[in-house]
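Before any comments, here is the structure.
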Amino acid sequence: AQKVTQAQTEISVVEKEDVTLDCVYETRDTTYYLFWYKQPPSGELVFLIRRNSFDEQNEISGRYSWNFQKSTSSFNFTITASQVVDSAVYFCALSQTGANNLFFGTGTRLTVIP
Amino acid sequence: DAGVIQSPRHEVTEMGQEVTLRCKPISGHNSLFWYRQTMMRGLELLIYFNNNVPIDDSGMPEDRFSAKMPNASFSTLKIQPSEPRDSAVYFCASIPRGGTGFYEQFFGPGTRLTVL
């Protein structure tokens, strides 16, 4: 069975602080894909990153970075020097190779306080 | 290029009425997904299509819900009769090619449905 757990329901940080959003997944597949999406207050779902199960290299994109560790089945997301515009709900998701649907976590609501 | 288009963006209706939500996927995408988002249940996959054919409708809550994809550029989600517990945001998403797990889903802006 596929499952994605985002244990942090809500996080509040003060602007310029770093924040890490946790994502733990379960799957029996050896090949799979992990995703992060952002849902700002306007409501749309915005794709941030995809990582396949064979690539454990960490990725950095500006203030965003992702840490993928198969040993702990985690795919954590760090925002450095947070900004008010980072306030949103962030979803982690998992898909299996050969499949179509995404298994979403319950999301983490991040509030960045000015 | 235009993204996934959904209409209407907001719908307010009364219990018992029929509601039809519409989606136009990104041109060239061959898989389409319908999701429902509520505070209580989060994001739920309702149904998805590959090449206009429904593949998995196990997420459709009950017979009051139905979805069609008559062609590659149009899909509808119908609720008949609607009930207050159907109030939610309904998202449509598409991907370039189904059956791989690789592609990120491109989401539409959603339809906020309120059933009074």
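Every chain in the structure tokens has a letter given in the order shown (A, B, ...), and although residue numbers restart at 1 in each chain, ligands are simply numbered from 1 in the order shown.
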Within 10 Å of chain B, which residues of chain A come that close, and what is the closest atom pair and distance in Å for each? Count only C-alpha atoms and give it as CSV.
```
residue,atom,partner,partner_atom,distance
A:Thr31,CA,B:Gly101,CA,9.5
A:Tyr32,CA,B:Gly101,CA,7.2
A:Tyr33,CA,B:Phe102,CA,6.5
A:Leu34,CA,B:Phe102,CA,9.1
A:Phe35,CA,B:Glu104,CA,7.5
A:Trp36,CA,B:Glu104,CA,9.5
A:Tyr37,CA,B:Glu104,CA,9.5
A:Ser42,CA,B:Pro109,CA,8.9
A:Gly43,CA,B:Pro109,CA,7.0
A:Glu44,CA,B:Pro109,CA,5.0
A:Leu45,CA,B:Phe107,CA,6.0
A:Val46,CA,B:Phe107,CA,7.4
A:Phe47,CA,B:Glu104,CA,7.0
A:Leu48,CA,B:Glu104,CA,9.3
A:Ile49,CA,B:Glu104,CA,8.4
A:Arg50,CA,B:Glu104,CA,7.1
A:Arg51,CA,B:Phe102,CA,9.1
A:Asn52,CA,B:Phe102,CA,7.9
A:Phe91,CA,B:Leu43,CA,9.6
A:Ala93,CA,B:Glu104,CA,10.0
A:Leu94,CA,B:Gly101,CA,8.8
A:Ser95,CA,B:Gly101,CA,5.3
A:Gln96,CA,B:Gly101,CA,5.3
A:Thr97,CA,B:Gly101,CA,4.5
A:Gly98,CA,B:Thr100,CA,4.1
A:Ala99,CA,B:Gly99,CA,4.7
A:Asn100,CA,B:Gly101,CA,5.2
A:Asn101,CA,B:Gly101,CA,7.3
A:Leu102,CA,B:Gly101,CA,8.1
A:Phe103,CA,B:Leu45,CA,8.5
A:Phe104,CA,B:Leu43,CA,6.9
A:Gly105,CA,B:Leu43,CA,8.3
A:Thr106,CA,B:Gly42,CA,5.8
A:Gly107,CA,B:Gly42,CA,8.0
```
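Residues lying within 6 Å of range 4-6 of chain A, counting only C-alpha atoms and ignoring same-chain neighbours fewer than 2 positions away, are Gln8, Asp22, Cys23, Val24, Tyr25 and Gly105 of chain A.
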Problem - helix (DSSP H, G or I) residues, from DSSP on the backbone, in chain A, as a count of residues only - result: 6
Problem - Members of range 9-111 of chain B assigned strand (DSSP E) by DSSP, as an MDAnalysis selection string - result: chainID B and resid 10:13 19:24 31:38 42:50 53:56 65:71 74:79 88:95 106:107 111
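The interatomic distance for the pair CA of Ala1 in chain A and CA of Cys92 in chain B works out to 24.3 Å.
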Practice task
Kindly indicate which residue among B:Ser66, B:Ser82, B:Thr111, B:Asn51 lies nearest to Arg22 in chain B, using only C-alpha atoms for the distances.
Solution key: B:Thr111
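Between Leu46 in chain B and the residues B:Ser75, B:Thr20, B:Ser27, B:Ser58, the shortest atom-to-atom distance, using only C-alpha atoms, involves B:Ser58.
Minimum atom-to-atom distance to Val13 in chain A, evaluated using only C-alpha atoms, belongs to A:Ser87 out of A:Ser87, A:Thr108, A:Thr72, A:Ser53.
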With a distance cut-off of 12 Å and only C-alpha atoms, select the neighbouring residues of Arg63 in chain A, excluding the residue or stretch itself and same-chain residues fewer than 6 positions from it, and output the selection as a PDB file with N, CA and C atoms, in the first residue's frame.
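Below you can see selection.pdb, which holds the result:
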```pdb
ATOM      1  N   LYS A  16      12.428  35.193   7.573  1.00  0.00           N
ATOM      2  CA  LYS A  16      13.879  35.008   7.507  1.00  0.00           C
ATOM      3  C   LYS A  16      14.354  33.773   8.270  1.00  0.00           C
ATOM      4  N   GLU A  17      13.469  33.131   8.993  1.00  0.00           N
ATOM      5  CA  GLU A  17      13.858  31.875   9.622  1.00  0.00           C
ATOM      6  C   GLU A  17      13.862  30.761   8.586  1.00  0.00           C
ATOM      7  N   ASP A  18      14.641  29.727   8.838  1.00  0.00           N
ATOM      8  CA  ASP A  18      14.607  28.527   8.012  1.00  0.00           C
ATOM      9  C   ASP A  18      13.526  27.590   8.568  1.00  0.00           C
ATOM     10  N   VAL A  19      12.920  26.822   7.664  1.00  0.00           N
ATOM     11  CA  VAL A  19      11.880  25.892   8.113  1.00  0.00           C
ATOM     12  C   VAL A  19      11.967  24.621   7.285  1.00  0.00           C
ATOM     13  N   THR A  20      11.769  23.488   7.930  1.00  0.00           N
ATOM     14  CA  THR A  20      11.780  22.195   7.241  1.00  0.00           C
ATOM     15  C   THR A  20      10.432  21.529   7.385  1.00  0.00           C
ATOM     16  N   PHE A  77      11.537  18.918   2.905  1.00  0.00           N
ATOM     17  CA  PHE A  77      11.598  20.164   2.133  1.00  0.00           C
ATOM     18  C   PHE A  77      11.986  21.296   3.078  1.00  0.00           C
ATOM     19  N   THR A  78      13.061  21.992   2.736  1.00  0.00           N
ATOM     20  CA  THR A  78      13.532  23.099   3.557  1.00  0.00           C
ATOM     21  C   THR A  78      13.451  24.408   2.793  1.00  0.00           C
ATOM     22  N   ILE A  79      12.896  25.398   3.460  1.00  0.00           N
ATOM     23  CA  ILE A  79      12.884  26.754   2.917  1.00  0.00           C
ATOM     24  C   ILE A  79      13.849  27.577   3.754  1.00  0.00           C
ATOM     25  N   THR A  80      14.812  28.169   3.108  1.00  0.00           N
ATOM     26  CA  THR A  80      15.811  28.989   3.785  1.00  0.00           C
ATOM     27  C   THR A  80      15.388  30.450   3.719  1.00  0.00           C
ATOM     28  N   ALA A  81      15.607  31.150   4.808  1.00  0.00           N
ATOM     29  CA  ALA A  81      15.256  32.583   4.850  1.00  0.00           C
ATOM     30  C   ALA A  81      13.829  32.794   4.372  1.00  0.00           C
ATOM     31  N   SER A  82      12.898  32.227   5.086  1.00  0.00           N
ATOM     32  CA  SER A  82      11.504  32.238   4.664  1.00  0.00           C
ATOM     33  C   SER A  82      10.993  33.663   4.453  1.00  0.00           C
ATOM     34  N   GLN A  83      10.003  33.747   3.551  1.00  0.00           N
ATOM     35  CA  GLN A  83       9.369  35.021   3.239  1.00  0.00           C
ATOM     36  C   GLN A  83       7.866  34.867   3.386  1.00  0.00           C
ATOM     37  N   ASP A  86       5.931  32.708   1.107  1.00  0.00           N
ATOM     38  CA  ASP A  86       6.017  31.256   1.248  1.00  0.00           C
ATOM     39  C   ASP A  86       4.834  30.687   2.026  1.00  0.00           C
TER      40      ASP A  86
END
```
Just the residues within 8 Å of Pro84 in chain B, please, counting only C-alpha atoms, with nothing from its chain fewer than 4 positions along; format it as an mmCIF file with all heavy atoms, in the first residue's frame.
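Here's the written file part.cif:
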```
data_model
loop_
_atom_site.group_PDB
_atom_site.id
_atom_site.type_symbol
_atom_site.label_atom_id
_atom_site.label_comp_id
_atom_site.auth_asym_id
_atom_site.auth_seq_id
_atom_site.Cartn_x
_atom_site.Cartn_y
_atom_site.Cartn_z
ATOM 1 N N MET B 15 -29.638 22.161 -2.362
ATOM 2 C CA MET B 15 -29.717 20.706 -2.219
ATOM 3 C C MET B 15 -30.762 20.138 -3.180
ATOM 4 O O MET B 15 -31.857 20.685 -3.318
ATOM 5 C CB MET B 15 -30.092 20.372 -0.783
ATOM 6 C CG MET B 15 -30.130 18.895 -0.473
ATOM 7 S SD MET B 15 -30.392 18.582 1.282
ATOM 8 C CE MET B 15 -31.997 19.296 1.527
ATOM 9 N N THR B 114 -20.620 25.070 -3.423
ATOM 10 C CA THR B 114 -21.352 25.206 -2.177
ATOM 11 C C THR B 114 -22.779 24.741 -2.414
ATOM 12 O O THR B 114 -23.462 25.257 -3.306
ATOM 13 C CB THR B 114 -21.372 26.670 -1.689
ATOM 14 O OG1 THR B 114 -20.030 27.132 -1.530
ATOM 15 C CG2 THR B 114 -22.108 26.785 -0.354
ATOM 16 N N VAL B 115 -23.196 23.751 -1.642
ATOM 17 C CA VAL B 115 -24.554 23.235 -1.747
ATOM 18 C C VAL B 115 -25.305 23.633 -0.471
ATOM 19 O O VAL B 115 -24.920 23.226 0.630
ATOM 20 C CB VAL B 115 -24.576 21.705 -1.924
ATOM 21 C CG1 VAL B 115 -26.016 21.224 -2.114
ATOM 22 C CG2 VAL B 115 -23.716 21.288 -3.114
ATOM 23 N N LEU B 116 -26.337 24.419 -0.639
ATOM 24 C CA LEU B 116 -27.079 24.942 0.519
ATOM 25 C C LEU B 116 -28.214 24.012 0.947
ATOM 26 O O LEU B 116 -28.717 23.244 0.117
ATOM 27 C CB LEU B 116 -27.648 26.321 0.177
ATOM 28 C CG LEU B 116 -26.586 27.360 -0.261
ATOM 29 C CD1 LEU B 116 -27.270 28.638 -0.710
ATOM 30 C CD2 LEU B 116 -25.633 27.643 0.896
#
```
Exercise for the section: Could you tell me how far CA of Asp57 in chain B lies from CA of Leu77 in chain B, in Å and to one decimal? Expected result: 11.8 Å
